[in-house]
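Okay, query_30.cif now, which holds mmCIF, C-alpha atoms:
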```cif
data_coords
loop_
_atom_site.label_atom_id
_atom_site.label_comp_id
_atom_site.auth_asym_id
_atom_site.auth_seq_id
_atom_site.Cartn_x
_atom_site.Cartn_y
_atom_site.Cartn_z
CA MET A 1456 -65.21 42.40 56.09
CA ASN A 1457 -65.55 44.19 59.41
CA VAL A 1458 -62.19 44.27 61.15
CA ARG A 1459 -61.95 45.50 64.73
CA ILE A 1460 -59.03 47.83 65.25
CA ALA A 1461 -57.84 49.32 68.48
CA PRO A 1462 -57.60 53.09 68.69
CA PRO A 1463 -54.10 54.44 68.18
CA ALA A 1464 -51.88 54.35 71.21
CA GLU A 1465 -50.82 57.59 72.82
CA ASP A 1466 -47.35 57.22 71.32
CA THR A 1467 -48.70 56.67 67.79
CA PRO A 1468 -46.82 58.98 65.44
CA ARG A 1469 -48.78 61.59 63.58
CA HIS A 1470 -46.40 61.40 60.59
CA THR A 1471 -45.52 58.71 58.09
CA ALA A 1472 -41.98 57.51 57.60
CA ALA A 1473 -41.68 60.18 54.92
CA GLY A 1474 -42.81 62.86 57.37
CA GLN A 1475 -46.34 63.10 55.96
CA PRO A 1476 -48.76 64.21 58.70
CA LEU A 1477 -51.84 62.15 59.55
CA ALA A 1478 -54.02 65.13 58.66
CA GLU A 1479 -52.54 65.11 55.13
CA ILE A 1480 -53.36 61.41 54.68
CA ALA A 1481 -56.88 62.06 55.94
CA ARG A 1482 -57.21 64.90 53.40
CA GLN A 1483 -55.99 62.57 50.64
CA LEU A 1484 -58.57 60.00 51.71
CA LEU A 1485 -61.32 62.63 51.67
CA ASP A 1486 -60.22 63.80 48.22
CA HIS A 1487 -60.23 60.21 47.04
CA LEU A 1488 -63.73 59.64 48.42
CA ALA A 1489 -64.93 62.80 46.66
CA GLN A 1490 -63.53 61.44 43.38
CA THR A 1491 -65.16 58.08 44.12
CA GLN A 1492 -68.46 59.88 44.61
CA THR A 1493 -68.00 61.57 41.22
CA HIS A 1494 -67.23 58.20 39.60
CA LEU A 1495 -70.34 56.65 41.13
CA ARG A 1496 -72.50 59.62 40.13
CA VAL A 1497 -71.35 59.24 36.50
CA LEU A 1498 -72.03 55.49 36.65
CA VAL A 1499 -75.55 56.17 37.99
CA GLU A 1500 -76.17 58.71 35.19
CA THR A 1501 -74.88 56.20 32.64
CA GLY A 1502 -77.16 53.52 34.08
CA ARG A 1503 -80.14 55.84 33.75
CA ALA A 1504 -79.15 56.63 30.17
CA LYS A 1505 -79.05 52.88 29.55
CA LEU A 1506 -82.61 52.53 30.87
CA ALA A 1507 -83.75 55.41 28.65
CA ALA A 1508 -82.10 53.78 25.62
CA MET A 1509 -83.82 50.50 26.50
CA ARG A 1510 -87.19 52.30 26.63
CA ARG A 1511 -86.51 53.74 23.17
CA ALA A 1512 -85.22 50.38 21.88
CA ASP A 1513 -82.11 52.26 20.75
CA ALA A 1514 -79.65 49.46 19.94
CA GLY A 1515 -76.92 51.86 18.78
CA GLY A 1516 -77.31 53.95 21.91
CA LEU A 1517 -77.11 50.83 24.07
CA GLN A 1518 -73.86 49.82 22.38
CA GLN A 1519 -72.36 53.25 23.00
CA ILE A 1520 -73.50 53.18 26.61
CA ALA A 1521 -72.06 49.68 27.11
CA SER A 1522 -68.69 50.90 25.81
CA ARG A 1523 -68.84 53.99 28.05
CA GLU A 1524 -69.83 51.85 31.02
CA ALA A 1525 -66.89 49.48 30.44
CA ALA A 1526 -64.46 52.42 30.28
CA LEU A 1527 -65.95 53.95 33.43
CA LEU A 1528 -65.67 50.67 35.32
CA GLU A 1529 -62.05 50.26 34.23
CA ALA A 1530 -61.27 53.80 35.40
CA PHE A 1531 -63.07 53.09 38.67
CA LEU A 1532 -60.96 49.99 39.29
CA LEU A 1533 -57.77 51.97 38.66
CA HIS A 1534 -59.06 54.66 41.01
CA GLU A 1535 -59.65 52.07 43.73
CA ARG A 1536 -55.99 51.06 43.60
CA SER A 1537 -55.07 54.55 44.79
CA ARG A 1538 -57.45 54.12 47.73
CA ALA A 1539 -55.53 51.02 48.76
CA ILE A 1540 -52.29 53.05 48.70
CA ILE A 1541 -53.79 55.81 50.86
CA VAL A 1542 -55.16 53.30 53.37
CA ALA A 1543 -51.78 51.53 53.46
CA GLN A 1544 -50.11 54.88 54.28
CA LEU A 1545 -52.65 55.41 57.02
CA ALA A 1546 -52.06 51.89 58.40
CA GLN A 1547 -48.33 52.55 58.40
CA THR A 1548 -48.75 55.90 60.17
CA LEU A 1549 -50.97 54.37 62.84
CA ARG A 1550 -48.82 51.22 63.02
CA GLN A 1551 -51.86 49.05 62.41
CA PRO A 1552 -51.31 46.82 59.37
CA GLU A 1553 -54.77 45.24 59.78
CA LEU A 1554 -56.23 48.64 58.91
CA THR A 1555 -55.74 47.83 55.22
CA ARG A 1556 -58.76 45.47 55.49
CA ALA A 1557 -60.91 47.76 57.63
CA THR A 1558 -64.19 49.39 56.69
CA LEU A 1559 -64.45 53.09 56.07
CA HIS A 1560 -66.40 53.43 59.30
CA THR A 1561 -63.57 51.82 61.27
CA ILE A 1562 -61.00 54.03 59.57
CA SER A 1563 -63.02 57.15 60.35
CA GLU A 1564 -63.12 56.24 64.06
CA LEU A 1565 -59.33 56.43 64.15
CA LEU A 1566 -59.08 59.91 62.66
CA PRO A 1567 -59.39 63.22 64.49
CA GLU A 1568 -62.17 65.70 63.84
CA PRO A 1569 -63.07 67.24 61.43
CA ALA A 1570 -61.80 64.43 59.16
CA ARG A 1571 -63.84 61.83 61.07
CA SER A 1572 -67.17 63.57 60.47
CA ALA A 1573 -66.32 64.41 56.88
CA ILE A 1574 -65.48 60.78 56.09
CA VAL A 1575 -68.67 59.52 57.77
CA ALA A 1576 -70.75 62.01 55.74
CA ARG A 1577 -68.98 61.00 52.53
CA LYS A 1578 -69.50 57.32 53.39
CA HIS A 1579 -73.27 57.87 53.64
CA ALA A 1580 -73.35 59.74 50.31
CA LEU A 1581 -71.37 56.91 48.67
CA ALA A 1582 -73.76 54.32 50.12
CA GLU A 1583 -76.76 56.18 48.66
CA LEU A 1584 -75.14 56.35 45.22
CA ALA A 1585 -74.13 52.69 45.36
CA GLU A 1586 -77.71 51.73 46.23
CA ALA A 1587 -79.09 53.84 43.37
CA LEU A 1588 -76.63 52.16 40.99
CA ARG A 1589 -77.61 48.71 42.28
CA ARG A 1590 -81.33 49.47 41.87
CA ASP A 1591 -80.92 50.86 38.35
CA ASN A 1592 -78.75 47.92 37.26
CA ALA A 1593 -81.25 45.44 38.72
CA LEU A 1594 -84.04 47.16 36.81
CA ALA A 1595 -82.01 47.13 33.58
CA ALA A 1596 -81.29 43.42 34.05
CA ARG A 1597 -84.98 42.67 34.64
CA VAL A 1598 -85.99 44.68 31.57
CA ALA A 1599 -83.38 42.85 29.47
CA ARG A 1600 -84.59 39.44 30.71
CA ASP A 1601 -88.24 40.36 30.09
CA LEU A 1602 -87.41 41.66 26.61
CA GLN A 1603 -85.44 38.53 25.79
CA GLY A 1604 -88.38 36.38 26.95
CA HIS A 1605 -90.76 38.41 24.80
CA VAL A 1606 -88.52 38.15 21.73
CA ARG A 1607 -88.19 34.38 22.25
CA ALA A 1608 -91.99 34.09 22.46
CA VAL A 1609 -92.41 36.07 19.23
CA TYR A 1610 -89.87 33.90 17.41
CA ALA A 1611 -91.48 30.74 18.80
CA ALA A 1612 -94.90 31.90 17.55
CA MET A 1613 -93.49 32.71 14.12
CA ASN A 1614 -91.68 29.38 14.01
CA GLU A 1615 -94.89 27.53 14.96
CA ALA A 1616 -96.79 29.37 12.23
CA CYS A 1617 -94.34 27.99 9.69
CA ARG A 1618 -95.02 24.44 10.86
CA GLN A 1619 -98.81 24.63 10.65
CA SER A 1620 -100.84 23.30 7.76
CA PHE A 1621 -99.95 24.82 4.47
CA GLY A 1622 -103.20 24.14 2.68
CA TYR A 1623 -105.50 21.37 1.49
CA GLY A 1624 -104.68 18.51 -0.79
CA PRO A 1625 -106.73 17.24 -3.78
CA ALA A 1626 -108.81 14.94 -1.55
CA GLY A 1627 -109.74 17.82 0.79
CA ASN A 1628 -107.41 16.79 3.53
CA GLU A 1629 -104.87 19.09 5.09
CA ARG A 1630 -101.65 19.18 3.22
CA HIS A 1631 -98.72 19.40 5.61
CA VAL A 1632 -95.45 20.51 4.12
CA ASP A 1633 -92.22 19.99 5.98
CA ARG A 1634 -90.02 22.93 5.36
CA ASP A 1635 -87.42 24.92 7.15
CA ALA A 1636 -88.66 27.28 9.77
CA CYS A 1637 -89.22 30.88 8.76
CA VAL A 1638 -87.21 32.19 11.67
CA ASP A 1639 -84.70 30.40 13.79
CA ALA A 1640 -82.87 33.25 15.47
CA VAL A 1641 -82.68 32.14 19.08
CA GLY A 1642 -81.28 28.62 18.91
#
```
How does the structure come out when it is put into structure tokens?
Amino acid sequence: MNVRIAPPAEDTPRHTAAGQPLAEIARQLLDHLAQTQTHLRVLVETGRAKLAAMRRADAGGLQQIASREAALLEAFLLHERSRAIIVAQLAQTLRQPELTRATLHTISELLPEPARSAIVARKHALAELAEALRRDNALAARVARDLQGHVRAVYAAMNEACRQSFGYGPAGNERHVDRDACVDAVG
């Protein structure tokens, strides 16, 4: 959501109700974005480990990676709650409640230098990591779908082989035996 926010008025306080300066909130936001970047970097590395485990057909490794990925995502969601608190403090300081729904770009425009430039640079780094994560996850999903299709085809071929003629009867005709399929693993 791209929310348009007016620049702070000349009389906008540079401290929160608790006396916290705007520069301190900007530093907290920058620290938070640095931690977000670390979280995303670890998620990208985990995604690449998942692709490597898929290449090796390492089922145990994939299970470990899935557990690690779930824990990382949970930690990331908790981390994002703290971002909402920092942005709420900033919105309160600037007396702009709509700031809580603003983009990082919009927030950066309201901050003085050097925080503005630092946030813009961090935003670009985060965007690159997010795109790498999206690409790797899309590739992993495609590989999983292709593998599932291949496994289904193998099971279908094995199942069909079990339904073919079993031999010849006493009169020389094909003897067809109805029996349970050899493999019925994919429902």
Go through segment 1560-1623 of chain A and flag each residue having an atom no more than 12 Å from segment 1475-1492 of chain A; for those, report the closest pair of atoms plus their distance in Å to one decimal, using all atoms listed in the file, ordered by chain and rising number, as a Markdown table.
```
| residue | atom | partner | partner_atom | distance |
| --- | --- | --- | --- | --- |
| A:Ile1562 | CA | A:Ala1481 | CA | 9.7 |
| A:Ser1563 | CA | A:Ala1481 | CA | 9.0 |
| A:Glu1564 | CA | A:Ala1481 | CA | 11.8 |
| A:Leu1565 | CA | A:Ala1481 | CA | 10.3 |
| A:Leu1566 | CA | A:Ala1481 | CA | 7.4 |
| A:Pro1567 | CA | A:Ala1478 | CA | 8.2 |
| A:Glu1568 | CA | A:Ala1478 | CA | 9.7 |
| A:Pro1569 | CA | A:Ala1478 | CA | 9.7 |
| A:Ala1570 | CA | A:Ala1481 | CA | 6.3 |
| A:Arg1571 | CA | A:Ala1481 | CA | 8.6 |
| A:Ser1572 | CA | A:Leu1485 | CA | 10.6 |
| A:Ala1573 | CA | A:Leu1485 | CA | 7.4 |
| A:Ile1574 | CA | A:Leu1485 | CA | 6.3 |
| A:Val1575 | CA | A:Leu1485 | CA | 10.0 |
| A:Ala1576 | CA | A:Leu1485 | CA | 10.3 |
| A:Arg1577 | CA | A:Leu1488 | CA | 6.8 |
| A:Lys1578 | CA | A:Leu1488 | CA | 8.0 |
| A:His1579 | CA | A:Gln1492 | CA | 10.4 |
| A:Ala1580 | CA | A:Gln1492 | CA | 7.5 |
| A:Leu1581 | CA | A:Gln1492 | CA | 5.8 |
| A:Ala1582 | CA | A:Gln1492 | CA | 9.5 |
| A:Glu1583 | CA | A:Gln1492 | CA | 9.9 |
| A:Leu1584 | CA | A:Gln1492 | CA | 7.6 |
| A:Ala1585 | CA | A:Gln1492 | CA | 9.2 |
| A:Leu1588 | CA | A:Gln1492 | CA | 11.8 |
```
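In this model, the gap between atom CA of Thr1555 of chain A and atom CA of Ala1543 of chain A comes to 5.7 Å.
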So which residues get picked by the PyMOL selection byres ((chain A and resi 1592-1605) around 12) here, written as a PyMOL selection string? chain A and resi 1498-1510+1512+1517+1524+1585-1591+1606-1612+1640-1641
Grab the residues selected above and save them as an mmCIF file, keeping the file's coordinate frame with C-alpha atoms.
```cif
data_model
loop_
_atom_site.group_PDB
_atom_site.id
_atom_site.type_symbol
_atom_site.label_atom_id
_atom_site.label_comp_id
_atom_site.auth_asym_id
_atom_site.auth_seq_id
_atom_site.Cartn_x
_atom_site.Cartn_y
_atom_site.Cartn_z
ATOM 1 C CA LEU A 1498 -72.030 55.490 36.650
ATOM 2 C CA VAL A 1499 -75.550 56.170 37.990
ATOM 3 C CA GLU A 1500 -76.170 58.710 35.190
ATOM 4 C CA THR A 1501 -74.880 56.200 32.640
ATOM 5 C CA GLY A 1502 -77.160 53.520 34.080
ATOM 6 C CA ARG A 1503 -80.140 55.840 33.750
ATOM 7 C CA ALA A 1504 -79.150 56.630 30.170
ATOM 8 C CA LYS A 1505 -79.050 52.880 29.550
ATOM 9 C CA LEU A 1506 -82.610 52.530 30.870
ATOM 10 C CA ALA A 1507 -83.750 55.410 28.650
ATOM 11 C CA ALA A 1508 -82.100 53.780 25.620
ATOM 12 C CA MET A 1509 -83.820 50.500 26.500
ATOM 13 C CA ARG A 1510 -87.190 52.300 26.630
ATOM 14 C CA ALA A 1512 -85.220 50.380 21.880
ATOM 15 C CA LEU A 1517 -77.110 50.830 24.070
ATOM 16 C CA GLU A 1524 -69.830 51.850 31.020
ATOM 17 C CA ALA A 1585 -74.130 52.690 45.360
ATOM 18 C CA GLU A 1586 -77.710 51.730 46.230
ATOM 19 C CA ALA A 1587 -79.090 53.840 43.370
ATOM 20 C CA LEU A 1588 -76.630 52.160 40.990
ATOM 21 C CA ARG A 1589 -77.610 48.710 42.280
ATOM 22 C CA ARG A 1590 -81.330 49.470 41.870
ATOM 23 C CA ASP A 1591 -80.920 50.860 38.350
ATOM 24 C CA VAL A 1606 -88.520 38.150 21.730
ATOM 25 C CA ARG A 1607 -88.190 34.380 22.250
ATOM 26 C CA ALA A 1608 -91.990 34.090 22.460
ATOM 27 C CA VAL A 1609 -92.410 36.070 19.230
ATOM 28 C CA TYR A 1610 -89.870 33.900 17.410
ATOM 29 C CA ALA A 1611 -91.480 30.740 18.800
ATOM 30 C CA ALA A 1612 -94.900 31.900 17.550
ATOM 31 C CA ALA A 1640 -82.870 33.250 15.470
ATOM 32 C CA VAL A 1641 -82.680 32.140 19.080
#
```
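Between atom CA of Leu1532 of chain A and atom CA of Gln1544 of chain A the separation is 19.1 Å.
Here atom CA of Arg1538 of chain A and atom CA of Arg1556 of chain A stand 11.7 Å from one another.
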For His1494 of chain A, which residue out of A:Asn1628, A:Glu1615, A:His1534, A:Leu1549 is the nearest one, using all atoms listed in the file? A:His1534
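Comparing the minimum interatomic distances between Ala1530 of chain A and each of A:Leu1495, A:Leu1559, A:Ala1514, A:Val1542, counting only C-alpha atoms, we find that A:Leu1495 sits nearest.
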Would you compute, for all listed atoms of segment 1510-1526 of chain A, the axis-aligned bounding box grown by 5 Å on each side, and then report its centre and edge lengths in Å rounded to one decimal, as lines of an AutoDock Vina configuration file?
```
center_x = -75.8
center_y = 51.7
center_z = 24.9
size_x = 32.7
size_y = 14.5
size_z = 22.2
```
Segment 1556-1583 of chain A rebuilt with N, CA and C atoms, output as a PDB file, in the coordinates of the input:
```pdb
ATOM      1  N   ARG A1556     -57.542  46.256  55.764  1.00  0.00           N
ATOM      2  CA  ARG A1556     -58.760  45.470  55.490  1.00  0.00           C
ATOM      3  C   ARG A1556     -59.985  46.041  56.194  1.00  0.00           C
ATOM      4  N   ALA A1557     -59.838  47.180  56.821  1.00  0.00           N
ATOM      5  CA  ALA A1557     -60.910  47.760  57.630  1.00  0.00           C
ATOM      6  C   ALA A1557     -61.949  48.471  56.773  1.00  0.00           C
ATOM      7  N   THR A1558     -63.122  48.630  57.360  1.00  0.00           N
ATOM      8  CA  THR A1558     -64.190  49.390  56.690  1.00  0.00           C
ATOM      9  C   THR A1558     -63.913  50.881  56.820  1.00  0.00           C
ATOM     10  N   LEU A1559     -64.594  51.640  56.023  1.00  0.00           N
ATOM     11  CA  LEU A1559     -64.450  53.090  56.070  1.00  0.00           C
ATOM     12  C   LEU A1559     -64.904  53.629  57.432  1.00  0.00           C
ATOM     13  N   HIS A1560     -65.916  53.019  57.982  1.00  0.00           N
ATOM     14  CA  HIS A1560     -66.400  53.430  59.300  1.00  0.00           C
ATOM     15  C   HIS A1560     -65.298  53.243  60.350  1.00  0.00           C
ATOM     16  N   THR A1561     -64.644  52.093  60.320  1.00  0.00           N
ATOM     17  CA  THR A1561     -63.570  51.820  61.270  1.00  0.00           C
ATOM     18  C   THR A1561     -62.413  52.794  61.090  1.00  0.00           C
ATOM     19  N   ILE A1562     -62.076  53.066  59.850  1.00  0.00           N
ATOM     20  CA  ILE A1562     -61.000  54.030  59.570  1.00  0.00           C
ATOM     21  C   ILE A1562     -61.361  55.401  60.120  1.00  0.00           C
ATOM     22  N   SER A1563     -62.606  55.814  59.902  1.00  0.00           N
ATOM     23  CA  SER A1563     -63.020  57.150  60.350  1.00  0.00           C
ATOM     24  C   SER A1563     -62.922  57.273  61.868  1.00  0.00           C
ATOM     25  N   GLU A1564     -63.182  56.196  62.591  1.00  0.00           N
ATOM     26  CA  GLU A1564     -63.120  56.240  64.060  1.00  0.00           C
ATOM     27  C   GLU A1564     -61.705  56.516  64.560  1.00  0.00           C
ATOM     28  N   LEU A1565     -60.707  56.241  63.741  1.00  0.00           N
ATOM     29  CA  LEU A1565     -59.330  56.430  64.150  1.00  0.00           C
ATOM     30  C   LEU A1565     -58.785  57.819  63.827  1.00  0.00           C
ATOM     31  N   LEU A1566     -59.559  58.592  63.097  1.00  0.00           N
ATOM     32  CA  LEU A1566     -59.080  59.910  62.660  1.00  0.00           C
ATOM     33  C   LEU A1566     -59.646  61.007  63.556  1.00  0.00           C
ATOM     34  N   PRO A1567     -58.897  62.097  63.683  1.00  0.00           N
ATOM     35  CA  PRO A1567     -59.390  63.220  64.490  1.00  0.00           C
ATOM     36  C   PRO A1567     -60.460  63.996  63.719  1.00  0.00           C
ATOM     37  N   GLU A1568     -61.219  64.788  64.474  1.00  0.00           N
ATOM     38  CA  GLU A1568     -62.170  65.700  63.840  1.00  0.00           C
ATOM     39  C   GLU A1568     -61.363  66.798  63.160  1.00  0.00           C
ATOM     40  N   PRO A1569     -61.798  67.409  62.116  1.00  0.00           N
ATOM     41  CA  PRO A1569     -63.070  67.240  61.430  1.00  0.00           C
ATOM     42  C   PRO A1569     -63.047  66.124  60.370  1.00  0.00           C
ATOM     43  N   ALA A1570     -61.897  65.481  60.180  1.00  0.00           N
ATOM     44  CA  ALA A1570     -61.800  64.430  59.160  1.00  0.00           C
ATOM     45  C   ALA A1570     -62.774  63.295  59.441  1.00  0.00           C
ATOM     46  N   ARG A1571     -62.938  62.928  60.699  1.00  0.00           N
ATOM     47  CA  ARG A1571     -63.840  61.830  61.070  1.00  0.00           C
ATOM     48  C   ARG A1571     -65.255  62.087  60.557  1.00  0.00           C
ATOM     49  N   SER A1572     -65.794  63.240  60.881  1.00  0.00           N
ATOM     50  CA  SER A1572     -67.170  63.570  60.470  1.00  0.00           C
ATOM     51  C   SER A1572     -67.289  63.686  58.959  1.00  0.00           C
ATOM     52  N   ALA A1573     -66.286  64.265  58.339  1.00  0.00           N
ATOM     53  CA  ALA A1573     -66.320  64.410  56.880  1.00  0.00           C
ATOM     54  C   ALA A1573     -66.323  63.047  56.189  1.00  0.00           C
ATOM     55  N   ILE A1574     -65.542  62.115  56.695  1.00  0.00           N
ATOM     56  CA  ILE A1574     -65.480  60.780  56.090  1.00  0.00           C
ATOM     57  C   ILE A1574     -66.803  60.041  56.315  1.00  0.00           C
ATOM     58  N   VAL A1575     -67.377  60.171  57.503  1.00  0.00           N
ATOM     59  CA  VAL A1575     -68.670  59.520  57.770  1.00  0.00           C
ATOM     60  C   VAL A1575     -69.741  60.085  56.832  1.00  0.00           C
ATOM     61  N   ALA A1576     -69.765  61.399  56.643  1.00  0.00           N
ATOM     62  CA  ALA A1576     -70.750  62.010  55.740  1.00  0.00           C
ATOM     63  C   ALA A1576     -70.544  61.525  54.307  1.00  0.00           C
ATOM     64  N   ARG A1577     -69.284  61.453  53.890  1.00  0.00           N
ATOM     65  CA  ARG A1577     -68.980  61.000  52.530  1.00  0.00           C
ATOM     66  C   ARG A1577     -69.366  59.526  52.373  1.00  0.00           C
ATOM     67  N   LYS A1578     -69.148  58.744  53.415  1.00  0.00           N
ATOM     68  CA  LYS A1578     -69.500  57.320  53.390  1.00  0.00           C
ATOM     69  C   LYS A1578     -71.004  57.148  53.146  1.00  0.00           C
ATOM     70  N   HIS A1579     -71.812  57.958  53.810  1.00  0.00           N
ATOM     71  CA  HIS A1579     -73.270  57.870  53.640  1.00  0.00           C
ATOM     72  C   HIS A1579     -73.676  58.270  52.213  1.00  0.00           C
ATOM     73  N   ALA A1580     -73.050  59.312  51.691  1.00  0.00           N
ATOM     74  CA  ALA A1580     -73.350  59.740  50.310  1.00  0.00           C
ATOM     75  C   ALA A1580     -72.955  58.641  49.321  1.00  0.00           C
ATOM     76  N   LEU A1581     -71.815  58.005  49.554  1.00  0.00           N
ATOM     77  CA  LEU A1581     -71.370  56.910  48.670  1.00  0.00           C
ATOM     78  C   LEU A1581     -72.344  55.731  48.750  1.00  0.00           C
ATOM     79  N   ALA A1582     -72.817  55.428  49.949  1.00  0.00           N
ATOM     80  CA  ALA A1582     -73.760  54.320  50.120  1.00  0.00           C
ATOM     81  C   ALA A1582     -75.056  54.590  49.354  1.00  0.00           C
ATOM     82  N   GLU A1583     -75.530  55.826  49.394  1.00  0.00           N
ATOM     83  CA  GLU A1583     -76.760  56.180  48.660  1.00  0.00           C
ATOM     84  C   GLU A1583     -76.553  56.016  47.153  1.00  0.00           C
TER      85      GLU A1583
END
```
